[in-house]
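The data block below is final.csv; it holds CSV, C-alpha atoms.
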chain,number,residue,atom,x,y,z
A,1,MET,CA,-67.9,-106.7,-16.3
A,2,THR,CA,-67.2,-103.7,-14.2
A,3,SER,CA,-64.2,-105.3,-12.7
A,4,VAL,CA,-62.8,-106.2,-16.1
A,5,ALA,CA,-63.1,-102.6,-17.2
A,6,SER,CA,-61.4,-101.3,-14.1
A,7,MET,CA,-58.5,-103.7,-14.6
A,8,SER,CA,-58.1,-102.7,-18.1
A,9,SER,CA,-58.0,-99.0,-17.1
A,10,SER,CA,-55.4,-99.6,-14.5
A,11,GLU,CA,-53.3,-101.5,-16.9
A,12,HIS,CA,-53.6,-98.7,-19.4
A,13,GLN,CA,-52.5,-96.1,-16.8
A,14,ALA,CA,-49.6,-98.4,-15.7
A,15,ALA,CA,-48.5,-98.8,-19.3
A,16,LEU,CA,-48.8,-95.1,-19.9
A,17,GLY,CA,-46.7,-94.4,-16.8
A,18,GLY,CA,-44.1,-96.9,-17.9
A,19,ARG,CA,-43.9,-95.2,-21.3
A,20,VAL,CA,-43.4,-91.8,-19.7
A,21,LYS,CA,-40.6,-93.1,-17.6
A,22,GLU,CA,-39.0,-94.7,-20.7
A,23,VAL,CA,-39.3,-91.4,-22.5
A,24,MET,CA,-37.7,-89.5,-19.6
A,25,VAL,CA,-34.9,-92.1,-19.3
A,26,ASP,CA,-34.3,-91.9,-23.0
A,27,SER,CA,-34.3,-88.1,-22.9
A,28,ARG,CA,-31.7,-88.2,-20.1
A,29,ILE,CA,-29.6,-90.7,-21.9
A,30,ASN,CA,-29.8,-88.7,-25.1
A,31,LYS,CA,-28.9,-85.6,-23.2
A,32,VAL,CA,-25.9,-87.3,-21.6
A,33,LEU,CA,-24.8,-88.8,-25.0
A,34,ALA,CA,-25.2,-85.3,-26.6
A,35,MET,CA,-23.1,-83.7,-23.9
A,36,ARG,CA,-19.7,-82.6,-25.0
A,37,THR,CA,-17.0,-83.6,-22.5
A,38,ASP,CA,-14.4,-81.6,-24.2
A,39,SER,CA,-16.1,-78.2,-23.8
A,40,VAL,CA,-14.6,-75.5,-21.6
A,41,ALA,CA,-17.5,-75.5,-19.2
A,42,MET,CA,-17.4,-79.3,-18.8
A,43,LEU,CA,-13.7,-79.3,-18.2
A,44,GLU,CA,-14.0,-76.5,-15.6
A,45,ALA,CA,-16.9,-78.4,-13.9
A,46,LEU,CA,-14.8,-81.6,-13.8
A,47,ASP,CA,-11.9,-79.8,-12.4
A,48,ALA,CA,-14.1,-78.3,-9.7
A,49,ILE,CA,-15.6,-81.8,-8.8
A,50,SER,CA,-12.1,-83.4,-8.8
A,51,GLU,CA,-11.3,-81.5,-5.6
A,52,PHE,CA,-13.7,-83.6,-3.5
A,53,TYR,CA,-14.7,-86.5,-5.9
A,54,ASN,CA,-11.9,-89.0,-5.6
A,55,ASP,CA,-13.4,-92.5,-5.9
A,56,ASN,CA,-15.7,-93.4,-8.8
A,57,THR,CA,-17.9,-95.8,-6.8
A,58,VAL,CA,-21.6,-96.4,-6.7
A,59,ASP,CA,-21.9,-94.7,-3.3
A,60,ALA,CA,-19.8,-91.8,-4.5
A,61,ARG,CA,-22.0,-91.4,-7.6
A,62,ARG,CA,-25.1,-91.6,-5.4
A,63,MET,CA,-23.7,-89.0,-3.0
A,64,LEU,CA,-22.5,-86.7,-5.7
A,65,LYS,CA,-25.6,-84.5,-5.6
A,66,GLN,CA,-25.4,-84.3,-1.8
A,67,ASP,CA,-21.7,-83.6,-2.0
A,68,LEU,CA,-22.3,-80.8,-4.5
A,69,GLU,CA,-25.0,-79.3,-2.3
A,70,LEU,CA,-22.7,-79.5,0.7
A,71,GLN,CA,-20.0,-77.9,-1.4
A,72,ASN,CA,-22.4,-75.1,-2.4
A,73,ILE,CA,-23.3,-74.6,1.2
A,74,GLN,CA,-19.6,-74.3,2.2
A,75,LEU,CA,-19.0,-71.9,-0.7
A,76,ALA,CA,-22.0,-69.9,0.4
A,77,LYS,CA,-20.7,-69.8,4.0
A,78,ARG,CA,-17.2,-68.8,2.8
A,79,PHE,CA,-18.8,-66.2,0.6
A,80,LEU,CA,-20.8,-64.8,3.5
A,81,SER,CA,-17.7,-64.8,5.7
A,82,GLU,CA,-15.6,-63.0,3.1
A,83,PHE,CA,-18.6,-60.7,2.4
A,84,ASP,CA,-18.7,-59.8,6.1
A,85,GLU,CA,-15.2,-58.5,5.8
A,86,VAL,CA,-16.1,-56.7,2.6
A,87,LYS,CA,-19.1,-55.3,4.4
A,88,THR,CA,-16.9,-54.2,7.3
A,89,ARG,CA,-14.6,-52.4,4.8
A,90,ILE,CA,-17.5,-50.9,3.0
A,91,THR,CA,-18.9,-49.6,6.4
A,92,ALA,CA,-15.4,-48.2,7.2
A,93,VAL,CA,-15.4,-46.5,3.7
A,94,GLU,CA,-18.9,-45.2,4.4
A,95,ASN,CA,-17.8,-43.8,7.7
A,96,LEU,CA,-14.8,-42.2,6.1
A,97,SER,CA,-17.1,-40.8,3.4
A,98,SER,CA,-19.4,-39.4,6.1
A,99,ASN,CA,-16.4,-37.9,7.9
A,100,LEU,CA,-15.1,-36.5,4.7
A,101,GLN,CA,-18.5,-35.1,3.9
A,102,ALA,CA,-18.7,-33.5,7.4
A,103,ALA,CA,-15.2,-32.1,6.9
A,104,CYS,CA,-16.2,-30.8,3.5
A,105,ASN,CA,-19.2,-29.1,5.0
A,106,ILE,CA,-17.1,-27.5,7.7
A,107,LEU,CA,-14.6,-26.4,5.0
A,108,GLU,CA,-17.4,-25.1,2.9
A,109,SER,CA,-18.7,-23.1,5.9
A,110,LYS,CA,-15.2,-21.8,6.6
A,111,VAL,CA,-14.8,-20.8,2.9
A,112,LYS,CA,-18.1,-19.0,3.0
A,113,ASN,CA,-17.1,-17.2,6.2
A,114,ALA,CA,-13.7,-16.4,4.7
A,115,ASP,CA,-15.4,-15.1,1.5
A,116,GLU,CA,-17.6,-12.9,3.6
A,117,ASN,CA,-14.6,-11.7,5.7
A,118,MET,CA,-12.7,-11.1,2.5
A,119,LYS,CA,-15.5,-9.0,1.1
A,120,SER,CA,-15.6,-7.1,4.3
A,121,PHE,CA,-11.8,-6.7,4.3
A,122,MET,CA,-11.8,-5.5,0.6
A,123,GLU,CA,-14.6,-3.0,1.4
A,124,LYS,CA,-12.6,-1.8,4.4
A,125,ALA,CA,-9.4,-1.7,2.4
A,126,SER,CA,-11.1,0.3,-0.4
A,127,GLU,CA,-12.5,2.7,2.2
A,128,LEU,CA,-9.0,3.1,3.8
A,129,GLU,CA,-7.5,3.6,0.3
A,130,ASN,CA,-10.0,6.3,-0.4
A,131,LYS,CA,-9.2,7.9,2.9
A,132,ARG,CA,-5.5,7.6,2.2
A,133,ASN,CA,-5.9,9.3,-1.2
A,134,HIS,CA,-8.0,12.0,0.4
A,135,PHE,CA,-5.5,12.6,3.2
A,136,SER,CA,-2.6,12.5,0.7
A,137,SER,CA,-4.4,15.1,-1.4
A,138,GLN,CA,-5.0,17.2,1.8
A,139,SER,CA,-1.3,16.8,2.8
A,140,LYS,CA,-0.2,18.0,-0.6
A,141,GLU,CA,-2.5,21.0,-0.3
A,142,ILE,CA,-1.3,21.7,3.2
A,143,GLN,CA,2.4,21.4,2.0
A,144,LEU,CA,1.6,23.8,-0.8
A,145,PHE,CA,-0.2,26.2,1.6
A,146,LEU,CA,2.7,26.1,4.1
A,147,SER,CA,5.3,26.5,1.4
A,148,ARG,CA,3.5,29.7,0.3
A,149,PHE,CA,2.9,31.1,3.8
A,150,GLN,CA,5.7,29.7,5.8
A,151,LEU,CA,9.5,30.3,5.7
A,152,SER,CA,12.1,27.6,6.0
A,153,ASP,CA,14.5,27.4,9.0
A,154,ASP,CA,17.4,28.6,6.8
A,155,GLU,CA,15.4,31.6,5.6
A,156,VAL,CA,14.4,32.5,9.1
A,157,ASP,CA,18.0,32.2,10.3
A,158,LEU,CA,19.1,34.5,7.4
A,159,LEU,CA,16.5,37.2,8.3
A,160,TYR,CA,17.6,37.1,12.0
A,161,HIS,CA,21.4,36.8,11.7
A,162,ALA,CA,22.5,37.5,8.1
A,163,ASN,CA,25.8,39.3,7.7
A,164,LEU,CA,24.7,42.1,5.4
A,165,ASP,CA,28.3,43.2,4.8
A,166,ASN,CA,28.8,40.0,2.8
A,167,ALA,CA,27.5,40.3,-0.7
A,168,ASP,CA,26.2,36.7,-1.0
A,169,SER,CA,24.6,36.8,2.4
A,170,ALA,CA,23.0,40.2,1.7
A,171,GLU,CA,21.6,38.9,-1.6
A,172,LYS,CA,20.0,35.9,0.1
A,173,PHE,CA,18.7,38.1,2.9
A,174,PHE,CA,17.0,40.5,0.5
A,175,ASP,CA,15.5,37.5,-1.4
A,176,SER,CA,14.1,36.0,1.8
A,177,LEU,CA,12.8,39.4,3.0
A,178,GLY,CA,11.0,39.8,-0.4
A,179,ARG,CA,9.4,36.4,0.0
A,180,LEU,CA,8.5,37.2,3.6
A,181,LYS,CA,6.9,40.4,2.5
A,182,ALA,CA,4.9,38.7,-0.3
A,183,ALA,CA,3.8,35.8,2.1
A,184,TYR,CA,2.7,38.4,4.7
A,185,SER,CA,0.7,40.3,2.1
A,186,ASP,CA,-1.0,37.1,0.7
A,187,CYS,CA,-1.8,35.8,4.2
A,188,LYS,CA,-3.3,39.1,5.2
A,189,SER,CA,-5.5,39.1,2.1
A,190,MET,CA,-6.6,35.5,2.9
A,191,VAL,CA,-7.5,36.5,6.5
A,192,GLU,CA,-9.5,39.5,5.4
A,193,LYS,CA,-11.5,37.4,2.9
A,194,HIS,CA,-11.9,34.0,4.6
A,195,PHE,CA,-11.3,34.7,8.3
A,196,LYS,CA,-9.5,31.3,8.8
A,197,SER,CA,-8.1,30.8,12.3
A,198,VAL,CA,-4.9,29.3,10.9
A,199,GLY,CA,-4.5,32.4,8.8
A,200,PHE,CA,-4.4,34.5,12.0
A,201,GLU,CA,-1.7,32.3,13.5
A,202,LEU,CA,0.4,32.4,10.4
A,203,LEU,CA,-0.1,36.1,10.1
A,204,GLU,CA,1.2,36.6,13.6
A,205,ILE,CA,4.3,34.4,13.0
A,206,LEU,CA,5.0,36.2,9.7
A,207,GLY,CA,4.6,39.5,11.4
A,208,GLN,CA,7.1,38.6,14.1
A,209,HIS,CA,9.6,37.5,11.5
A,210,GLN,CA,9.1,40.6,9.5
A,211,GLU,CA,9.5,42.9,12.5
A,212,THR,CA,12.7,41.2,13.5
A,213,ALA,CA,14.0,41.2,9.9
A,214,TYR,CA,13.3,45.0,9.5
A,215,GLN,CA,14.9,45.7,12.8
A,216,HIS,CA,18.0,43.8,11.7
A,217,LEU,CA,18.0,45.7,8.4
A,218,PHE,CA,17.5,49.1,10.2
A,219,ASP,CA,20.4,48.3,12.5
A,220,TRP,CA,22.7,47.6,9.6
A,221,VAL,CA,21.6,50.9,7.9
A,222,LYS,CA,22.2,52.8,11.1
A,223,LYS,CA,25.7,51.2,11.5
A,224,LYS,CA,26.6,52.1,7.9
A,225,CYS,CA,25.3,55.6,8.3
A,226,ASP,CA,27.4,56.0,11.4
A,227,LEU,CA,30.4,54.6,9.6
A,228,LEU,CA,30.0,56.9,6.7
A,229,ALA,CA,29.7,59.8,9.0
A,230,GLU,CA,33.0,58.8,10.7
A,231,THR,CA,35.0,58.1,7.6
A,232,GLY,CA,33.4,60.5,5.3
A,233,SER,CA,33.7,58.0,2.4
A,234,SER,CA,30.7,57.5,0.2
A,235,ASP,CA,32.4,55.9,-2.9
A,236,ASP,CA,31.6,52.3,-2.0
A,237,LEU,CA,29.3,51.3,-4.9
A,238,GLU,CA,28.3,47.9,-3.4
A,239,THR,CA,27.4,49.6,-0.1
A,240,ASN,CA,25.4,52.3,-1.9
A,241,ASN,CA,23.4,49.6,-3.9
A,242,LYS,CA,22.6,47.7,-0.7
A,243,MET,CA,21.7,50.9,1.0
A,244,GLN,CA,19.2,51.7,-1.8
A,245,ILE,CA,17.6,48.3,-1.6
A,246,ALA,CA,17.4,48.5,2.2
A,247,ILE,CA,15.7,52.0,2.0
A,248,ARG,CA,13.2,50.6,-0.5
A,249,PHE,CA,12.2,47.8,1.9
A,250,LEU,CA,12.0,50.3,4.9
A,251,ASN,CA,10.0,52.8,2.8
A,252,LYS,CA,6.7,51.2,3.8
A,253,LEU,CA,7.5,51.5,7.5
A,254,PRO,CA,7.3,55.1,8.6
A,255,ILE,CA,9.0,54.7,11.9
A,256,TYR,CA,12.1,53.1,10.3
A,257,PHE,CA,12.0,55.2,7.2
A,258,SER,CA,11.9,58.5,9.0
A,259,GLN,CA,14.9,57.5,11.1
A,260,CYS,CA,16.7,56.4,8.0
A,261,GLN,CA,16.1,59.7,6.4
A,262,ASP,CA,17.5,61.5,9.5
A,263,LEU,CA,20.5,59.2,9.6
A,264,LEU,CA,21.3,59.7,5.9
A,265,VAL,CA,20.8,63.4,6.1
A,266,ASN,CA,23.1,63.6,9.1
A,267,SER,CA,25.8,61.4,7.5
A,268,ARG,CA,25.7,63.4,4.3
A,269,ARG,CA,25.9,66.7,6.2
A,270,THR,CA,28.8,65.3,8.2
A,271,GLN,CA,30.5,64.2,5.0
A,272,LEU,CA,30.0,67.6,3.4
A,273,VAL,CA,31.4,69.4,6.4
A,274,GLN,CA,34.4,67.2,6.5
A,275,LYS,CA,35.0,67.7,2.8
A,276,PHE,CA,34.6,71.4,3.1
A,277,ILE,CA,37.1,71.6,6.0
A,278,GLN,CA,39.5,69.4,4.0
A,279,ALA,CA,39.2,71.7,1.0
A,280,LEU,CA,39.5,74.7,3.2
A,281,THR,CA,42.7,73.6,4.9
A,282,GLN,CA,44.3,71.0,2.8
A,283,GLY,CA,42.9,71.2,-0.7
A,284,GLU,CA,41.8,68.3,-2.9
A,285,THR,CA,44.6,65.9,-3.8
A,286,ALA,CA,43.0,62.4,-3.1
A,287,ASN,CA,41.5,61.8,-6.5
A,288,MET,CA,43.7,63.9,-8.7
A,289,ALA,CA,47.2,63.8,-9.9
A,290,PRO,CA,49.7,65.8,-7.8
A,291,SER,CA,50.4,68.2,-10.7
A,292,LYS,CA,46.7,69.1,-10.9
A,293,SER,CA,45.9,69.3,-7.2
A,294,LEU,CA,44.0,72.2,-5.9
A,295,ARG,CA,45.3,74.6,-3.3
A,296,ALA,CA,43.6,75.0,0.0
A,297,ILE,CA,40.9,77.7,0.1
A,298,ASP,CA,42.7,79.4,3.0
A,299,LEU,CA,45.8,79.9,0.9
A,300,ASN,CA,43.8,81.3,-2.0
A,301,ALA,CA,42.1,83.7,0.5
A,302,HIS,CA,45.4,85.2,1.8
A,303,ASP,CA,46.6,85.7,-1.8
A,304,ALA,CA,43.5,87.6,-2.5
Please render this file's structure as structure tokens.
Amino acid sequence: MTSVASMSSSEHQAALGGRVKEVMVDSRINKVLAMRTDSVAMLEALDAISEFYNDNTVDARRMLKQDLELQNIQLAKRFLSEFDEVKTRITAVENLSSNLQAACNILESKVKNADENMKSFMEKASELENKRNHFSSQSKEIQLFLSRFQLSDDEVDLLYHANLDNADSAEKFFDSLGRLKAAYSDCKSMVEKHFKSVGFELLEILGQHQETAYQHLFDWVKKKCDLLAETGSSDDLETNNKMQIAIRFLNKLPIYFSQCQDLLVNSRRTQLVQKFIQALTQGETANMAPSKSLRAIDLNAHDA
């Protein structure tokens, strides 16, 4: 009884297994029948298989799976081989990228240093610009100061060697002497108020120029007085004007002024004596018409 039951159970399991197989086979057959052989994917798969599947034999169909696996292995090896090259190139690119990063870091550091140096340079340039403006302002002030308290070379040469007999030269001489006198007075006032050492030096130089110019002027006055005393002529209007200007300049110098007074008095006395002698012995005919000339004083005295 037990054996019969066990046999029936085995048969049932065998029948069940056979049905499962039939179902699986039917499913595969239906799947194959439902497959579209004209689809793009199927055509591409057939083209790929055609490269190594040449004979449609039983052995070839049995080995198809193995051949596909081998083909996949070969493709994988080929992919790995080509990927090694790609990996090598990627590594090279990575190295280049690392080098580029290092170069960029160096460049960044240099740019920072250049920026710091530029800031320092700009600060230094600004400082130098301020100093230049300061020194330029000082230079202008010095030039203005020197133009006020210093004579040009031409003016000094005029004061030392001017020909006072020439009208233009005499006019320039008196202008330069007037400027020298004003500069000396201003410089003396500055020294008395501020006690600047440069003022003492300028005052000494101006004093030397002034002394030489006055000596030159006095020599000309002396020469003119001697000439007037010799010739007895005092009708030169230009000489008289220049003489008056010269006396006004020498008026502040007692030594020269007193000598000028003596020279002028002596020259005038000499002129009067000469005119008296002429009137006494010859009469006056120089500035009068001959018909109106005066007779000599001696002749009039004998008539008396």
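The coordinates place CA of Leu151 (chain A) at 22.7 Å from CA of Asn251 (chain A).
Of note, CA of Glu44 (chain A) and CA of Leu75 (chain A) are spaced 16.4 Å apart.
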- Give me, please, the distance in Å between CA of Val111 (chain A) and CA of Ala92 (chain A), quoted to one decimal.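 Interatomic distance, CA of Val111 (chain A) to CA of Ala92 (chain A): 27.7 Å.
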